[in-house]
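What follows is a single structure, written as structure tokens, with notes after it.
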Amino acid sequence: MKTTCKVHTIDLAGNRYRNPHYLQTRARINSLIDHYMSVEVLSDRLSDLPEQFYNPRARLWESIDWQGIDREQIIGVKPEVFLQILASAAEIEAPIRSYSKESWCYLQHIYPEMARFMGGVFDASGNILEIGVWEKEERQHCPTFRKIYQQLTGEKLQVKPNSVNGFQPTGDAWQDTYKHIISRLSTEWGATSVYLWLMVHSTGALQQAIAQPLQDEINHLAKFWGFSRWAFSQSYFNQLKGSTKNLISLLKHHQIERTHGNDVFNASLRIEQISLMVELTFTFTRVMVRLRRWNRELSRSYLRHLFGTAPVVDAPRKVA
Ligand SMILES: [Fe+2]
Ligand SMILES: [Fe+2]
């Protein structure tokens with residue numbers, strides 16, 4: 001009997017509480033980061049990148065118990081708020097093909113292996129011959145969140161894709177690529193943080209389903225981070241800090257679009273929105289703290305061992 005009780009109180013984020021207070025929620029965020037973003041995991045994900053250049057393979061997922069997903073598995077937050085964030089998670093990276101083509105265009109002249117990893121291989125007329133690993137992994141996320149949403153609500157989620165800027169060269173390929181990588185890093189950081197938040201507020205089959213795209217995002221974050229450290233050999237914490245604001249406002253934009261015209265934003269939900277922002281900001285920060293700790297392990301010689309001599313001699317000029 002004791003064992004059954006334990007199973008009900010422990011989940012992938014550590015101790016499970018029906019109505020966690022803020023400190024308990026923080027403990028769950030930290031527990032997930034310790035497990036899924038340990039220095040060992042991040043190093044392992046980065047060291048896999050050179051292998052992906054020559055033998056590209058998408059990361060395997062554990063199977064998802066779709067029938068086991070239930071609204072009761074949302075914990076410590078109003079289901080409406082959880083569903084808003086879930087819907088935003090589905091929308092953030094759509095349309096993925098346009099995003100991967102954009103990355104390919106920025107990277108192909110300077111880092112053809114990385115261009116292939118992200119965007120695949122194209123023929124001279126621009127037709128796709130091979131889909132990139134990054135795109136293969138990313139394109140599973142939106143349908144997964146839609147299916148979870150449908151399982152929780154019985155309704156189909158209408159996804160409104162973002163508009164993609166596309167390839168906009170300025171004539172300075174290094175600078176363009178640098179800025180592009182920063183924007184991809186911030187998106188991966190944002191997705192990682194949002195999926196972590198969703199796992200903190202879920203348990204059981206619902207939480208286990210979200211753990212699959214989460215591990216893809218951590219995989220991308222570690223690979224892009226390490227690759228960028230090697231390619232640009234300079235710190236970009238400040239640029240990333242600036243982009244957190246953009247990510248939060250992107251999330252807000254999706255939420256407002258989704259709730260416009262109905263009464264979901266009543267007074268009690270407004271209070272929930274405030275604690276949501278506090279928790280999300282905490283999650284973003286903890287993820288960055290972990291990345292900075294891992295960053296100390298990434299010596300020049302280790303990065304050279306992984307990728308060879310970096311083709312960039314001069315650090316890029318300051319990004320405006
Ligand atoms: Fe994603
Ligand atoms: Fe990603």
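Just remember, in the structure tokens the first chain shown is A, the second B, etc., residues are 1-based per chain, and ligands are 1-based in the order shown.
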Those of range 104-221 of chain A in DSSP alpha helix (DSSP H), formatted as a PyMOL selection string: chain A and resi 104-107+112-119+133-138+141-153+173-200+204-221
Kindly work out which residues sit at most 10 Å from ligand 1, using only C-alpha atoms and all ligand atoms, and give the list as a VMD selection string. chain A and resid 89 to 94 96 134 to 135 137 to 142 187 to 188 190 to 192 195 213 to 218 220
Gap from CA of Glu113 in chain A to CA of Arg57 in chain A - Å, one decimal: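 Interatomic distance, CA of Glu113 in chain A to CA of Arg57 in chain A: 13.7 Å.
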Nearest to ligand 2 by atom-to-atom distance, counting only C-alpha atoms and all ligand atoms, from A:Ala222, A:Ile74, A:Ala27, A:Leu303: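 Nearest candidate to ligand 2 out of A:Ala222, A:Ile74, A:Ala27, A:Leu303: A:Ala222.
When the distance limit is 10 Å and only C-alpha atoms are what count, the residues near Ser103 in chain A, minus those fewer than 5 positions from it on the same chain, are Arg97, Ser98, Gln108, Met114, Ala115, Arg116, Phe117, Met118, Gly119, Gly120, Gly166, Phe167, Thr177, His180, Ile181 and Arg184 of chain A.
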Go ahead and dump the residues you just picked, N, CA, C and O atoms, as an mmCIF file, in the first residue's frame.
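Saved file out20.cif follows:
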data_model
loop_
_atom_site.group_PDB
_atom_site.id
_atom_site.type_symbol
_atom_site.label_atom_id
_atom_site.label_comp_id
_atom_site.auth_asym_id
_atom_site.auth_seq_id
_atom_site.Cartn_x
_atom_site.Cartn_y
_atom_site.Cartn_z
ATOM 1 N N ARG A 97 8.892 24.483 -41.809
ATOM 2 C CA ARG A 97 9.645 24.407 -43.076
ATOM 3 C C ARG A 97 10.244 25.774 -43.451
ATOM 4 O O ARG A 97 11.389 25.868 -43.872
ATOM 5 N N SER A 98 9.469 26.824 -43.243
ATOM 6 C CA SER A 98 9.996 28.162 -43.562
ATOM 7 C C SER A 98 11.158 28.507 -42.652
ATOM 8 O O SER A 98 12.135 29.119 -43.068
ATOM 9 N N GLN A 108 24.473 28.148 -45.175
ATOM 10 C CA GLN A 108 25.072 27.280 -46.203
ATOM 11 C C GLN A 108 26.438 27.748 -46.708
ATOM 12 O O GLN A 108 27.300 26.912 -46.991
ATOM 13 N N MET A 114 26.309 22.486 -40.851
ATOM 14 C CA MET A 114 25.254 22.936 -39.952
ATOM 15 C C MET A 114 23.995 23.289 -40.762
ATOM 16 O O MET A 114 22.874 23.064 -40.293
ATOM 17 N N ALA A 115 24.189 23.840 -41.971
ATOM 18 C CA ALA A 115 23.045 24.146 -42.842
ATOM 19 C C ALA A 115 22.280 22.865 -43.162
ATOM 20 O O ALA A 115 21.048 22.831 -43.124
ATOM 21 N N ARG A 116 23.023 21.793 -43.396
ATOM 22 C CA ARG A 116 22.375 20.508 -43.689
ATOM 23 C C ARG A 116 21.654 19.978 -42.455
ATOM 24 O O ARG A 116 20.535 19.471 -42.548
ATOM 25 N N PHE A 117 22.284 20.093 -41.296
ATOM 26 C CA PHE A 117 21.665 19.612 -40.059
ATOM 27 C C PHE A 117 20.321 20.314 -39.830
ATOM 28 O O PHE A 117 19.339 19.704 -39.435
ATOM 29 N N MET A 118 20.282 21.614 -40.095
ATOM 30 C CA MET A 118 19.053 22.360 -39.808
ATOM 31 C C MET A 118 18.054 22.326 -40.959
ATOM 32 O O MET A 118 16.865 22.142 -40.751
ATOM 33 N N GLY A 119 18.566 22.570 -42.173
ATOM 34 C CA GLY A 119 17.622 22.760 -43.283
ATOM 35 C C GLY A 119 17.613 21.662 -44.319
ATOM 36 O O GLY A 119 16.755 21.662 -45.208
ATOM 37 N N GLY A 120 18.568 20.732 -44.254
ATOM 38 C CA GLY A 120 18.577 19.630 -45.220
ATOM 39 C C GLY A 120 19.418 19.934 -46.450
ATOM 40 O O GLY A 120 20.358 20.726 -46.404
ATOM 41 N N GLY A 166 12.194 35.279 -43.340
ATOM 42 C CA GLY A 166 12.900 34.745 -44.498
ATOM 43 C C GLY A 166 14.328 35.264 -44.526
ATOM 44 O O GLY A 166 14.769 35.997 -43.635
ATOM 45 N N PHE A 167 15.059 34.861 -45.563
ATOM 46 C CA PHE A 167 16.475 35.195 -45.690
ATOM 47 C C PHE A 167 16.605 36.648 -46.142
ATOM 48 O O PHE A 167 16.113 37.018 -47.197
ATOM 49 N N THR A 177 24.790 35.690 -40.134
ATOM 50 C CA THR A 177 24.728 34.344 -39.559
ATOM 51 C C THR A 177 24.734 34.417 -38.036
ATOM 52 O O THR A 177 23.985 33.708 -37.360
ATOM 53 N N HIS A 180 21.409 35.495 -36.843
ATOM 54 C CA HIS A 180 20.445 34.419 -37.049
ATOM 55 C C HIS A 180 20.575 33.353 -35.963
ATOM 56 O O HIS A 180 19.573 32.897 -35.402
ATOM 57 N N ILE A 181 21.826 32.969 -35.664
ATOM 58 C CA ILE A 181 22.058 31.943 -34.640
ATOM 59 C C ILE A 181 21.560 32.418 -33.278
ATOM 60 O O ILE A 181 20.970 31.657 -32.516
ATOM 61 N N ARG A 184 17.859 31.916 -33.232
ATOM 62 C CA ARG A 184 17.499 30.491 -33.079
ATOM 63 C C ARG A 184 17.756 30.026 -31.634
ATOM 64 O O ARG A 184 16.957 29.307 -31.051
#
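Nearest residue to ligand 2 among A:Thr283, A:Thr309, A:Gln67, A:Gln212 is A:Gln212, counting only C-alpha atoms and all ligand atoms.
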Would you mind telling me which residue in A:Val133, A:Ala209, A:Val77, A:Leu198 lies nearest to ligand 2 when using only C-alpha atoms and all ligand atoms? A:Val133
Pick out the residues sitting within 12 Å of Pro79 in chain A, and hand them over as a list of chain:residue names; count only C-alpha atoms, and ignore anything fewer than 2 positions along from it in its own chain.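 Once the adjacent positions are removed, what remains is A:Asp70, A:Arg71, A:Glu72, A:Gln73, A:Ile74, A:Ile75, A:Gly76, A:Val77, A:Val81, A:Phe82, A:Leu83, A:Gln84, A:Ile85, A:Leu86, A:Tyr149, A:Leu152, A:Thr153, A:Leu198, A:His201, A:Ser202, A:Val264, A:Leu269, A:Glu272.
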Arg28 in chain A environment, 7 Å, only C-alpha atoms, sequence neighbours closer than 4 positions dropped, as a tab-separated table (two decimals) with N, CA and C atoms, in the first residue's frame:
chain	number	residue	atom	x	y	z
A	13	ALA	N	8.94	15.48	-12.14
A	13	ALA	CA	9.45	16.74	-11.59
A	13	ALA	C	9.70	16.64	-10.09
A	14	GLY	N	9.78	15.44	-9.55
A	14	GLY	CA	10.04	15.28	-8.11
A	14	GLY	C	8.75	15.11	-7.33
A	24	GLN	N	7.27	25.35	-3.78
A	24	GLN	CA	7.19	23.95	-4.24
A	24	GLN	C	7.27	23.90	-5.76
A	32	LEU	N	13.45	19.33	-12.45
A	32	LEU	CA	13.43	18.99	-13.88
A	32	LEU	C	14.72	19.41	-14.57
A	200	VAL	N	6.08	21.08	-15.21
A	200	VAL	CA	5.96	21.39	-13.79
A	200	VAL	C	4.49	21.35	-13.37
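Between ligand 2 and the candidates A:Arg300, A:Lys136, A:Lys101, A:His35, the tightest atom-to-atom separation, counting only C-alpha atoms and all ligand atoms, involves A:Lys136.
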For the atom pair CA of Leu46 in chain A and CA of Gly226 in chain A, what is the interatomic distance in Å to one decimal place?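 If I compute the distance from CA of Leu46 in chain A to CA of Gly226 in chain A, I get 6.3 Å.
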May I have the residues within 12 Å of Trp225 in chain A as number ranges by chain, using only C-alpha atoms and disregarding those fewer than 2 positions away in the same chain? A: 42-43, 45-47, 49, 178, 181-189, 217-223, 227-237, 240, 288, 291-292, 294-295, 298, 303
Print the selection's residues with C-alpha atoms to a file, as a compact mmCIF listing (two decimals), in the first residue's frame.
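Once everything was written out, this is selection-v2.txt:
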# COMPACT_ATOMS: atom_id res chain seq x y z
CA LEU A 42 24.24 18.91 -22.23
CA SER A 43 27.78 17.69 -23.01
CA ARG A 45 23.99 16.30 -26.69
CA LEU A 46 26.75 18.58 -27.99
CA SER A 47 29.23 15.77 -28.58
CA LEU A 49 26.65 17.02 -33.27
CA TYR A 178 25.64 35.48 -36.06
CA ILE A 181 22.06 31.94 -34.64
CA ILE A 182 21.26 34.25 -31.72
CA SER A 183 17.61 34.30 -32.73
CA ARG A 184 17.50 30.49 -33.08
CA LEU A 185 19.18 30.09 -29.68
CA SER A 186 16.65 32.35 -28.04
CA THR A 187 13.77 30.40 -29.59
CA GLU A 188 15.21 27.09 -28.33
CA TRP A 189 15.75 28.63 -24.91
CA GLU A 217 14.60 21.33 -27.41
CA ILE A 218 17.37 20.66 -24.89
CA ASN A 219 19.18 18.72 -27.59
CA HIS A 220 18.94 21.72 -29.96
CA LEU A 221 19.85 24.22 -27.28
CA ALA A 222 23.04 22.30 -26.33
CA LYS A 223 24.04 21.82 -29.98
CA PHE A 227 28.38 25.27 -32.05
CA SER A 228 28.03 29.04 -31.61
CA ARG A 229 30.74 29.09 -28.93
CA TRP A 230 33.02 27.35 -31.39
CA ALA A 231 32.06 29.42 -34.44
CA PHE A 232 31.94 32.89 -32.88
CA SER A 233 34.10 32.39 -29.79
CA GLN A 234 32.44 35.15 -27.82
CA SER A 235 29.81 35.57 -25.22
CA TYR A 236 26.27 36.37 -26.25
CA PHE A 237 24.54 36.37 -22.88
CA LEU A 240 20.07 36.59 -25.32
CA MET A 288 20.24 30.27 -18.41
CA LEU A 291 23.75 26.94 -19.49
CA ARG A 292 26.27 29.35 -18.01
CA TRP A 294 27.90 24.24 -18.50
CA ASN A 295 29.56 26.94 -20.60
CA LEU A 298 33.44 24.35 -23.14
CA LEU A 303 35.44 22.64 -29.07
Distance CA of Arg286 in chain A-CA of Tyr22 in chain A, one decimal place?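 So the two atoms, CA of Arg286 in chain A and CA of Tyr22 in chain A, lie 14.9 Å apart.
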Which residues are near Gln168 in chain A? Cut-off 10 Å, only C-alpha atoms, ignore same chain within fewer than 4 positions. Put them as a ChimeraX atom specification. /A:102,105-106,176
From A:Ser301, A:Gln158, A:Asn19, A:Ser100, residue lying nearest ligand 2 [only C-alpha atoms and all ligand atoms]: A:Ser100
Residues of range 55-304 of chain A in strand (DSSP E or B), written as a PyMOL selection string: chain A and resi 74+121-122+128-130+202
